Amino acid sequence: MKDLLKKQITKYIISFFLVLIILQPILVYADQSTGSIEINVKYTNNDRADYSSMTLKVYQDLNTIPYKEISSLSANPYNIVSLPIGHKYKVEVYANGMYSSTDYVDLQTNHEVLDTTIPLPGGIRFSVLYNDGSTPIENAIVSVKSQDGKQWTQSPTDNIGQTIRFWVQPPIINDNYYIADVSIGKNLVYSFSPVQLKTGVPQELKIVTPWPTMIHTLLTAKVFKDLYKTVTSSDGSFLVEIYDDKGNKITESIVNSKGQAYFTNLKFGDYVFHAINLKDASEWGNSKITIDGNQSTVQIFKNQPAIEINGQTYNTTKNQLPSSPNASNNQIPQASNTTKNTTLANIPNCHCVAFRLDDIQDYWLNNVQTAIMDTFQQKNASLTIGIIGNSFGNDVKLTGYLQKKIKTNPSIEIANSGWKFEDFTAYNQSGQSSLIKQSNDKIFSLLGITPSVFIPPYGKINNDTFGAMYGNNITFLSANTLTYHTVYSTSNTIHLFPATVSTGYVNSGNGTLRKLTNDEIFTNIQNSLRNYGFAVVTIAFQDYAVNNGTATQNEPDLQQIQQLETLIDKVTSNGLKIVNISKINNGQISTIIPPWIKNNAGWWANGKISDSDFISGIQYMIQNNIIIIQNLPPSGESSGKIIPPWIKNNAGWWAENKISDNDFVKGIEFLIQQGIIRT
């Protein structure tokens, strides 16, 4: 009997452990199941909050260390993904770096919605004055930062020293405050703090700087022909011009027989002193200086024509090309010695438009995302979509849709939009490279495609971004900036096609979306084509979702979708091609000329220099690769023809920014083709 009982007990124990063994994978799988929380942030007046300044900290259960930190939101509502199911979460909202609210959610299903409310922004306008307390400072830049040093917004001052009114999140705890930095140029900065403001209330704040209204001491500019001797009358006639940090000409003075020019009554700020050889209107040399009352002399030495690229000056006649600045360990290819275009940023003139759908991610408005893509498919129009790597792949509907579309229609181009939609400028080159690789690997594992286009989150890049792209074989960059940080390489060039047009924008005052009309969008496309040779149109898919007045629904707004169809038709019916971002550079190449060359054109148009001086200046620029003309004809004798009046008109209009660089270059090409200018 005892033996029988013992056997039964043993049998039960074995059966129990077998059940545990069988159930173990199921339990592990359940523990690994993830879901998402859709957070909808509103102001106390029930308006949707401006998400562009918001960050989140997500705590799991009772932990005091965040389970997840989201450094910036790409939309509002925002989908917090990859959260293990079966846990309680605390979500803290920060706006402009200021703590704003805390709410809780118990995540028991694969998707929960969390509504939270934050205080209304406070409005503040600054009046910036010189040290007399009454004279306004015009064109100063006022930057508003949180106490951790992060800049949130900025504005220039107008002619009465006032900024625009900033609407930022008010501090609701004592330790939070803002700092206002007033800067004139790059080197003169005055910090004012603490700045406090009240919720929903417009306020005025006066900042009196320690700077005097004018510097009356005499400033002497000395022009040198070598390291020791100044120019004399035997060296020719010279002029010194002063430009401010924005490229505006302030004043000029003739250089006397001792090689000196004199200036007084200059304001605080950064300036560039240009010495001009009046014989051929070429630049003899230049010197940058911050004028703060402590200087009496500026020295300008003879050099070859130079140009500033990314804050550094490079010689244009010795083929001195930069690699991507701040590159480390030679990871970025150096410029080839055969590359001569050292002063020009090449951009395409393809007469084409690329549409860009940003922030593709799981669960959030997936019906709207796919409806927009379907619209382009039905119109047989190309579309580039930016995928957030870590937020993509769990939504079976969205992932399956793209897997099918990629196989059947190559007009959808996949772009990398970061790993967790992080600010790339907060990482070094190695960190940025790792984030790009993680996202590329994830996209390839799901779609079988490795992106060659990078859409940086928030459109923000720095010099390390180029190195990170090189390391991942990404050759196309579409940021939200019109600054061409040209990367020089004959073998692996990065093409930069920034966003130039948007279908809508967020109202900074109340966070509401403002959808542009098709006429407004198309006008902006035409302006972009005229100015840059191409247009990149960004589409925010929440603009095309149904909104019930309080929240965005996961349902396409059929009227807005129809407007998108009409916009596509309008683009194509006007003879424009719709292409992917990576296809923009298939067009012709146009040339951007360094801004300082405009001086010559302006002088010639105004009769300050002769036709022969103008022609000599153009020849000098071409021969020294300061200006590059594509497909030059063979060099020959001058035809002796007279320069047509329309060329001089073009030069004057170009100097006044009334026509584009390309239009001016066409005039130069005409003079060369007619033999008026010998090359």
# chains A, B, ... in the order shown; residues from 1 in each chain; ligands from 1
call {"tool": "residues_around", "arguments": {"residues": "Thr117 of chain A", "least_positions_apart": "2", "cutoff": "10 Å", "atoms": "only C-alpha atoms", "output": "ChimeraX atom specification"}}
result
/A:40-49,93,100-103,115,119-120
call {"tool": "write_last_selection", "arguments": {"atoms": "C-alpha atoms", "output": "PDB file, in the first residue's frame"}}
result
ATOM      1  CA  ASN A  40      -3.016  62.767 -26.256  1.00  0.00           C
ATOM      2  CA  VAL A  41      -1.762  66.011 -24.685  1.00  0.00           C
ATOM      3  CA  LYS A  42      -4.141  68.950 -24.407  1.00  0.00           C
ATOM      4  CA  TYR A  43      -4.034  72.384 -22.844  1.00  0.00           C
ATOM      5  CA  THR A  44      -6.414  73.315 -20.053  1.00  0.00           C
ATOM      6  CA  ASN A  45      -8.704  74.981 -22.617  1.00  0.00           C
ATOM      7  CA  ASN A  46      -8.988  71.596 -24.418  1.00  0.00           C
ATOM      8  CA  ASP A  47      -6.881  72.652 -27.452  1.00  0.00           C
ATOM      9  CA  ARG A  48      -4.328  70.186 -28.701  1.00  0.00           C
ATOM     10  CA  ALA A  49      -0.874  70.969 -27.290  1.00  0.00           C
ATOM     11  CA  VAL A  93       5.213  65.252 -19.760  1.00  0.00           C
ATOM     12  CA  SER A 100       4.079  69.917 -17.036  1.00  0.00           C
ATOM     13  CA  SER A 101       2.011  66.891 -15.945  1.00  0.00           C
ATOM     14  CA  THR A 102       1.906  63.267 -14.729  1.00  0.00           C
ATOM     15  CA  ASP A 103      -0.662  60.582 -15.579  1.00  0.00           C
ATOM     16  CA  ASP A 115      -5.389  61.760 -22.180  1.00  0.00           C
ATOM     17  CA  PRO A 119      -1.004  74.357 -18.514  1.00  0.00           C
ATOM     18  CA  LEU A 120      -1.497  76.867 -21.316  1.00  0.00           C
TER      19      LEU A 120
END
call {"tool": "residues_around", "arguments": {"residues": "Thr384 of chain A", "least_positions_apart": "6", "cutoff": "7 Å", "atoms": "only C-alpha atoms", "output": "list of chain:residue names"}}
result
A:Phe355, A:Arg356, A:Leu357, A:Ile412, A:Glu413, A:Ile414, A:Ala415, A:Asn580, A:Ile581
call {"tool": "closest_residue", "arguments": {"among": "A:Ala354, A:Leu558, A:Ala75, A:Ile455", "to": "Ala540 of chain A", "atoms": "only C-alpha atoms"}}
result
A:Ala75
call {"tool": "residues_around", "arguments": {"residues": "Ala261 of chain A", "least_positions_apart": "4", "cutoff": "7 Å", "atoms": "only C-alpha atoms", "output": "list in words"}}
result
Thr220, Ala221, Lys222, Val240, Ser253, Ile254, Val255 and Asn256 of chain A
call {"tool": "residues_around", "arguments": {"residues": "Phe454 of chain A", "least_positions_apart": "3", "cutoff": "9 Å", "atoms": "only C-alpha atoms", "output": "list in words"}}
result
Gly386, Ala415, Asn416, Ser417, Gly418, Ile436, Pro451, Met469, Ile474, Thr475, Phe476, Leu477, Ser478 and Ala479 of chain A
call {"tool": "residues_around", "arguments": {"residues": "segment 375-378 of chain A", "least_positions_apart": "5", "cutoff": "12 Å", "atoms": "only C-alpha atoms", "output": "VMD selection string"}}
result
chain A and resid 354 to 357 368 to 370 383 to 385 402 405 to 406 408 to 413 544 556 558 560 to 569 578 to 580
call {"tool": "closest_residue", "arguments": {"among": "A:Leu107, A:Asp613, A:Ser234, A:Asn96", "to": "Phe166 of chain A", "atoms": "only C-alpha atoms"}}
result
A:Asn96
call {"tool": "residues_around", "arguments": {"residues": "Asn390 of chain A", "least_positions_apart": "6", "cutoff": "8 Å", "atoms": "only C-alpha atoms", "output": "PyMOL selection string"}}
result
chain A and resi 419-420+439+442
call {"tool": "atom_distance", "arguments": {"atom1": "atom CA of Gly185 of chain A", "atom2": "atom CA of Ser155 of chain A"}}
result
13.5 Å
call {"tool": "residues_around", "arguments": {"residues": "Ser610 of chain A", "least_positions_apart": "2", "cutoff": "12 Å", "atoms": "only C-alpha atoms", "output": "list in words"}}
result
Leu278, Lys279, Asp280, Ala281, Asn600, Ala601, Gly602, Trp603, Trp604, Ala605, Asn606, Gly607, Lys608, Ser612, Asp613, Phe614, Ile615, Ser616, Gly617, Ile643 and Lys648 of chain A
call {"tool": "write_last_selection", "arguments": {"atoms": "N, CA, C and O atoms", "output": "tab-separated table (two decimals), in the first residue's frame"}}
result
chain	number	residue	atom	x	y	z
A	278	LEU	N	41.18	97.70	-56.94
A	278	LEU	CA	40.28	98.35	-57.89
A	278	LEU	C	40.70	98.14	-59.34
A	278	LEU	O	39.90	98.38	-60.26
A	279	LYS	N	41.91	97.66	-59.57
A	279	LYS	CA	42.36	97.43	-60.94
A	279	LYS	C	41.52	96.38	-61.64
A	279	LYS	O	41.11	96.55	-62.79
A	280	ASP	N	41.27	95.27	-60.95
A	280	ASP	CA	40.47	94.20	-61.56
A	280	ASP	C	39.27	93.82	-60.71
A	280	ASP	O	38.61	92.80	-60.97
A	281	ALA	N	38.98	94.65	-59.69
A	281	ALA	CA	37.84	94.42	-58.81
A	281	ALA	C	37.92	93.08	-58.08
A	281	ALA	O	36.90	92.52	-57.68
A	600	ASN	N	31.30	92.55	-57.64
A	600	ASN	CA	31.76	92.92	-58.98
A	600	ASN	C	30.59	93.29	-59.88
A	600	ASN	O	30.61	94.30	-60.59
A	601	ALA	N	29.56	92.44	-59.85
A	601	ALA	CA	28.40	92.68	-60.71
A	601	ALA	C	27.72	94.00	-60.36
A	601	ALA	O	27.31	94.77	-61.24
A	602	GLY	N	27.61	94.28	-59.06
A	602	GLY	CA	26.99	95.52	-58.62
A	602	GLY	C	27.78	96.75	-59.03
A	602	GLY	O	27.22	97.75	-59.50
A	603	TRP	N	29.11	96.69	-58.86
A	603	TRP	CA	29.96	97.82	-59.27
A	603	TRP	C	29.84	98.09	-60.76
A	603	TRP	O	29.75	99.22	-61.21
A	604	TRP	N	29.86	96.99	-61.55
A	604	TRP	CA	29.79	97.14	-63.01
A	604	TRP	C	28.45	97.73	-63.43
A	604	TRP	O	28.38	98.66	-64.24
A	605	ALA	N	27.37	97.21	-62.85
A	605	ALA	CA	26.04	97.70	-63.21
A	605	ALA	C	25.87	99.17	-62.86
A	605	ALA	O	25.15	99.91	-63.55
A	606	ASN	N	26.55	99.62	-61.78
A	606	ASN	CA	26.43	101.02	-61.33
A	606	ASN	C	27.50	101.93	-61.94
A	606	ASN	O	27.60	103.10	-61.58
A	607	GLY	N	28.31	101.38	-62.87
A	607	GLY	CA	29.30	102.19	-63.55
A	607	GLY	C	30.56	102.46	-62.77
A	607	GLY	O	31.37	103.31	-63.16
A	608	LYS	N	30.80	101.76	-61.67
A	608	LYS	CA	32.01	101.99	-60.87
A	608	LYS	C	33.23	101.33	-61.48
A	608	LYS	O	34.36	101.73	-61.19
A	612	SER	N	35.79	96.33	-69.47
A	612	SER	CA	37.01	95.53	-69.51
A	612	SER	C	37.39	95.03	-68.12
A	612	SER	O	37.89	93.90	-67.97
A	613	ASP	N	37.15	95.86	-67.10
A	613	ASP	CA	37.43	95.43	-65.73
A	613	ASP	C	36.52	94.27	-65.34
A	613	ASP	O	36.95	93.31	-64.70
A	614	PHE	N	35.24	94.39	-65.74
A	614	PHE	CA	34.29	93.32	-65.43
A	614	PHE	C	34.70	92.02	-66.12
A	614	PHE	O	34.72	90.94	-65.50
A	615	ILE	N	35.05	92.11	-67.42
A	615	ILE	CA	35.46	90.92	-68.17
A	615	ILE	C	36.72	90.32	-67.56
A	615	ILE	O	36.84	89.10	-67.40
A	616	SER	N	37.69	91.18	-67.19
A	616	SER	CA	38.92	90.68	-66.57
A	616	SER	C	38.62	89.96	-65.27
A	616	SER	O	39.22	88.92	-64.97
A	617	GLY	N	37.68	90.52	-64.51
A	617	GLY	CA	37.32	89.88	-63.25
A	617	GLY	C	36.69	88.51	-63.47
A	617	GLY	O	37.01	87.55	-62.76
A	643	ILE	N	29.32	94.12	-75.21
A	643	ILE	CA	28.45	93.41	-74.27
A	643	ILE	C	27.03	93.95	-74.39
A	643	ILE	O	26.82	95.17	-74.28
A	648	LYS	N	24.27	93.61	-68.59
A	648	LYS	CA	24.53	94.52	-67.47
A	648	LYS	C	23.29	94.65	-66.59
A	648	LYS	O	23.40	94.72	-65.36
call {"tool": "atom_distance", "arguments": {"atom1": "atom CA of Leu239 of chain A", "atom2": "atom CA of Thr251 of chain A"}}
result
10.7 Å
call {"tool": "atom_distance", "arguments": {"atom1": "atom CA of Gly236 of chain A", "atom2": "atom CA of Phe273 of chain A"}}
result
18.5 Å
call {"tool": "closest_residue", "arguments": {"among": "A:Asn394, A:Gln429, A:Ser33, A:Ser582", "to": "Gly471 of chain A", "atoms": "only C-alpha atoms"}}
result
A:Gln429
call {"tool": "decode", "arguments": {"residues": "segment 149-283 of chain A", "atoms": "C-alpha atoms", "output": "PDB file, in the first residue's frame"}}
result
ATOM      1  CA  GLY A 149      20.952  75.149 -21.476  1.00  0.00           C
ATOM      2  CA  LYS A 150      18.709  73.771 -24.246  1.00  0.00           C
ATOM      3  CA  GLN A 151      17.512  76.414 -26.696  1.00  0.00           C
ATOM      4  CA  TRP A 152      13.797  76.356 -27.474  1.00  0.00           C
ATOM      5  CA  THR A 153      13.111  79.384 -29.611  1.00  0.00           C
ATOM      6  CA  GLN A 154      14.676  82.589 -30.865  1.00  0.00           C
ATOM      7  CA  SER A 155      13.828  85.789 -32.671  1.00  0.00           C
ATOM      8  CA  PRO A 156      15.615  88.843 -34.047  1.00  0.00           C
ATOM      9  CA  THR A 157      14.716  92.219 -32.626  1.00  0.00           C
ATOM     10  CA  ASP A 158      12.924  94.754 -34.812  1.00  0.00           C
ATOM     11  CA  ASN A 159      13.672  98.457 -35.257  1.00  0.00           C
ATOM     12  CA  ILE A 160      12.355  99.233 -31.774  1.00  0.00           C
ATOM     13  CA  GLY A 161      14.352  96.430 -30.160  1.00  0.00           C
ATOM     14  CA  GLN A 162      11.418  94.068 -29.683  1.00  0.00           C
ATOM     15  CA  THR A 163      11.226  90.340 -30.398  1.00  0.00           C
ATOM     16  CA  ILE A 164       8.152  88.484 -31.474  1.00  0.00           C
ATOM     17  CA  ARG A 165       6.041  87.236 -28.599  1.00  0.00           C
ATOM     18  CA  PHE A 166       7.282  83.805 -27.532  1.00  0.00           C
ATOM     19  CA  TRP A 167       4.695  81.325 -26.310  1.00  0.00           C
ATOM     20  CA  VAL A 168       6.477  78.778 -24.137  1.00  0.00           C
ATOM     21  CA  GLN A 169       5.503  76.444 -21.335  1.00  0.00           C
ATOM     22  CA  PRO A 170       5.422  78.236 -17.973  1.00  0.00           C
ATOM     23  CA  PRO A 171       7.495  76.800 -15.107  1.00  0.00           C
ATOM     24  CA  ILE A 172       5.157  75.264 -12.512  1.00  0.00           C
ATOM     25  CA  ILE A 173       7.849  74.277  -9.989  1.00  0.00           C
ATOM     26  CA  ASN A 174      10.249  76.652  -8.281  1.00  0.00           C
ATOM     27  CA  ASP A 175      13.452  75.134  -9.664  1.00  0.00           C
ATOM     28  CA  ASN A 176      12.467  75.722 -13.293  1.00  0.00           C
ATOM     29  CA  TYR A 177      13.196  78.950 -15.155  1.00  0.00           C
ATOM     30  CA  TYR A 178      14.294  80.296 -18.534  1.00  0.00           C
ATOM     31  CA  ILE A 179      17.422  82.138 -19.678  1.00  0.00           C
ATOM     32  CA  ALA A 180      17.368  84.818 -22.394  1.00  0.00           C
ATOM     33  CA  ASP A 181      20.614  85.102 -24.385  1.00  0.00           C
ATOM     34  CA  VAL A 182      21.037  88.307 -26.397  1.00  0.00           C
ATOM     35  CA  SER A 183      23.634  88.008 -29.152  1.00  0.00           C
ATOM     36  CA  ILE A 184      25.073  90.381 -31.714  1.00  0.00           C
ATOM     37  CA  GLY A 185      26.948  88.317 -34.257  1.00  0.00           C
ATOM     38  CA  LYS A 186      28.739  85.160 -33.165  1.00  0.00           C
ATOM     39  CA  ASN A 187      30.891  86.489 -30.351  1.00  0.00           C
ATOM     40  CA  LEU A 188      28.920  89.061 -28.359  1.00  0.00           C
ATOM     41  CA  VAL A 189      26.425  87.458 -25.983  1.00  0.00           C
ATOM     42  CA  TYR A 190      24.657  88.780 -22.886  1.00  0.00           C
ATOM     43  CA  SER A 191      22.676  86.359 -20.693  1.00  0.00           C
ATOM     44  CA  PHE A 192      19.666  87.452 -18.664  1.00  0.00           C
ATOM     45  CA  SER A 193      18.061  85.187 -16.037  1.00  0.00           C
ATOM     46  CA  PRO A 194      15.955  83.984 -14.354  1.00  0.00           C
ATOM     47  CA  VAL A 195      13.005  84.509 -16.685  1.00  0.00           C
ATOM     48  CA  GLN A 196       9.654  83.465 -15.196  1.00  0.00           C
ATOM     49  CA  LEU A 197       6.232  83.731 -16.802  1.00  0.00           C
ATOM     50  CA  LYS A 198       2.615  82.966 -16.011  1.00  0.00           C
ATOM     51  CA  THR A 199       0.333  80.510 -17.773  1.00  0.00           C
ATOM     52  CA  GLY A 200      -1.855  81.915 -20.550  1.00  0.00           C
ATOM     53  CA  VAL A 201      -0.853  85.533 -19.855  1.00  0.00           C
ATOM     54  CA  PRO A 202       1.095  87.834 -22.250  1.00  0.00           C
ATOM     55  CA  GLN A 203       3.995  89.609 -20.538  1.00  0.00           C
ATOM     56  CA  GLU A 204       6.634  92.228 -21.415  1.00  0.00           C
ATOM     57  CA  LEU A 205      10.261  92.114 -20.245  1.00  0.00           C
ATOM     58  CA  LYS A 206      12.959  94.756 -20.730  1.00  0.00           C
ATOM     59  CA  ILE A 207      16.615  93.663 -21.040  1.00  0.00           C
ATOM     60  CA  VAL A 208      19.266  96.378 -20.649  1.00  0.00           C
ATOM     61  CA  THR A 209      22.626  95.151 -21.971  1.00  0.00           C
ATOM     62  CA  PRO A 210      26.046  96.521 -20.907  1.00  0.00           C
ATOM     63  CA  TRP A 211      26.847  97.550 -24.502  1.00  0.00           C
ATOM     64  CA  PRO A 212      27.208 101.221 -25.563  1.00  0.00           C
ATOM     65  CA  THR A 213      25.159 102.572 -28.462  1.00  0.00           C
ATOM     66  CA  MET A 214      28.185 103.396 -30.643  1.00  0.00           C
ATOM     67  CA  ILE A 215      31.976 103.068 -30.631  1.00  0.00           C
ATOM     68  CA  HIS A 216      33.411 106.455 -31.531  1.00  0.00           C
ATOM     69  CA  THR A 217      37.123 105.638 -31.372  1.00  0.00           C
ATOM     70  CA  LEU A 218      39.056 105.639 -34.664  1.00  0.00           C
ATOM     71  CA  LEU A 219      39.636 102.234 -36.243  1.00  0.00           C
ATOM     72  CA  THR A 220      42.458 101.900 -38.776  1.00  0.00           C
ATOM     73  CA  ALA A 221      42.443  99.155 -41.417  1.00  0.00           C
ATOM     74  CA  LYS A 222      45.948  98.406 -42.722  1.00  0.00           C
ATOM     75  CA  VAL A 223      46.312  96.592 -46.060  1.00  0.00           C
ATOM     76  CA  PHE A 224      49.554  94.575 -46.397  1.00  0.00           C
ATOM     77  CA  LYS A 225      51.330  93.321 -49.527  1.00  0.00           C
ATOM     78  CA  ASP A 226      53.493  90.951 -47.490  1.00  0.00           C
ATOM     79  CA  LEU A 227      54.008  90.118 -43.835  1.00  0.00           C
ATOM     80  CA  TYR A 228      55.754  93.396 -43.082  1.00  0.00           C
ATOM     81  CA  LYS A 229      54.913  96.082 -45.654  1.00  0.00           C
ATOM     82  CA  THR A 230      51.641  97.827 -46.390  1.00  0.00           C
ATOM     83  CA  VAL A 231      50.571  98.598 -49.938  1.00  0.00           C
ATOM     84  CA  THR A 232      51.518 101.913 -51.513  1.00  0.00           C
ATOM     85  CA  SER A 233      50.256 103.834 -54.525  1.00  0.00           C
ATOM     86  CA  SER A 234      52.755 101.956 -56.707  1.00  0.00           C
ATOM     87  CA  ASP A 235      50.881  98.732 -55.903  1.00  0.00           C
ATOM     88  CA  GLY A 236      47.635 100.151 -57.246  1.00  0.00           C
ATOM     89  CA  SER A 237      44.415 101.601 -55.890  1.00  0.00           C
ATOM     90  CA  PHE A 238      42.577  99.856 -53.078  1.00  0.00           C
ATOM     91  CA  LEU A 239      39.276 100.096 -51.252  1.00  0.00           C
ATOM     92  CA  VAL A 240      38.235  98.601 -47.904  1.00  0.00           C
ATOM     93  CA  GLU A 241      34.622  97.564 -47.465  1.00  0.00           C
ATOM     94  CA  ILE A 242      32.971  96.508 -44.213  1.00  0.00           C
ATOM     95  CA  TYR A 243      30.205  93.901 -44.125  1.00  0.00           C
ATOM     96  CA  ASP A 244      28.231  92.770 -41.121  1.00  0.00           C
ATOM     97  CA  ASP A 245      27.773  89.113 -40.176  1.00  0.00           C
ATOM     98  CA  LYS A 246      24.666  88.882 -42.373  1.00  0.00           C
ATOM     99  CA  GLY A 247      26.521  89.977 -45.497  1.00  0.00           C
ATOM    100  CA  ASN A 248      25.138  93.514 -45.542  1.00  0.00           C
ATOM    101  CA  LYS A 249      27.521  96.223 -46.629  1.00  0.00           C
ATOM    102  CA  ILE A 250      27.973  98.819 -43.865  1.00  0.00           C
ATOM    103  CA  THR A 251      30.482 101.307 -45.245  1.00  0.00           C
ATOM    104  CA  GLU A 252      33.656 101.670 -47.312  1.00  0.00           C
ATOM    105  CA  SER A 253      36.796 103.796 -47.335  1.00  0.00           C
ATOM    106  CA  ILE A 254      39.582 104.423 -49.872  1.00  0.00           C
ATOM    107  CA  VAL A 255      43.055 103.177 -48.875  1.00  0.00           C
ATOM    108  CA  ASN A 256      45.588 106.011 -48.750  1.00  0.00           C
ATOM    109  CA  SER A 257      49.212 105.998 -49.948  1.00  0.00           C
ATOM    110  CA  LYS A 258      50.293 104.489 -46.626  1.00  0.00           C
ATOM    111  CA  GLY A 259      48.015 101.490 -47.067  1.00  0.00           C
ATOM    112  CA  GLN A 260      45.523 102.659 -44.467  1.00  0.00           C
ATOM    113  CA  ALA A 261      41.762 103.224 -44.418  1.00  0.00           C
ATOM    114  CA  TYR A 262      39.914 104.841 -41.512  1.00  0.00           C
ATOM    115  CA  PHE A 263      36.560 104.117 -39.883  1.00  0.00           C
ATOM    116  CA  THR A 264      34.617 105.363 -36.877  1.00  0.00           C
ATOM    117  CA  ASN A 265      31.106 105.292 -35.384  1.00  0.00           C
ATOM    118  CA  LEU A 266      30.653 101.551 -35.740  1.00  0.00           C
ATOM    119  CA  LYS A 267      28.221  99.541 -33.643  1.00  0.00           C
ATOM    120  CA  PHE A 268      29.059  96.518 -31.543  1.00  0.00           C
ATOM    121  CA  GLY A 269      29.175  93.342 -33.648  1.00  0.00           C
ATOM    122  CA  ASP A 270      31.005  90.953 -35.953  1.00  0.00           C
ATOM    123  CA  TYR A 271      32.346  92.325 -39.209  1.00  0.00           C
ATOM    124  CA  VAL A 272      34.359  91.276 -42.241  1.00  0.00           C
ATOM    125  CA  PHE A 273      36.813  93.803 -43.705  1.00  0.00           C
ATOM    126  CA  HIS A 274      37.417  93.231 -47.430  1.00  0.00           C
ATOM    127  CA  ALA A 275      40.345  94.875 -49.216  1.00  0.00           C
ATOM    128  CA  ILE A 276      39.542  95.279 -52.928  1.00  0.00           C
ATOM    129  CA  ASN A 277      42.079  95.817 -55.710  1.00  0.00           C
ATOM    130  CA  LEU A 278      40.284  98.346 -57.890  1.00  0.00           C
ATOM    131  CA  LYS A 279      42.363  97.435 -60.942  1.00  0.00           C
ATOM    132  CA  ASP A 280      40.468  94.198 -61.563  1.00  0.00           C
ATOM    133  CA  ALA A 281      37.838  94.417 -58.806  1.00  0.00           C
ATOM    134  CA  SER A 282      39.299  91.299 -57.188  1.00  0.00           C
ATOM    135  CA  GLU A 283      39.548  90.702 -53.484  1.00  0.00           C
TER     136      GLU A 283
END
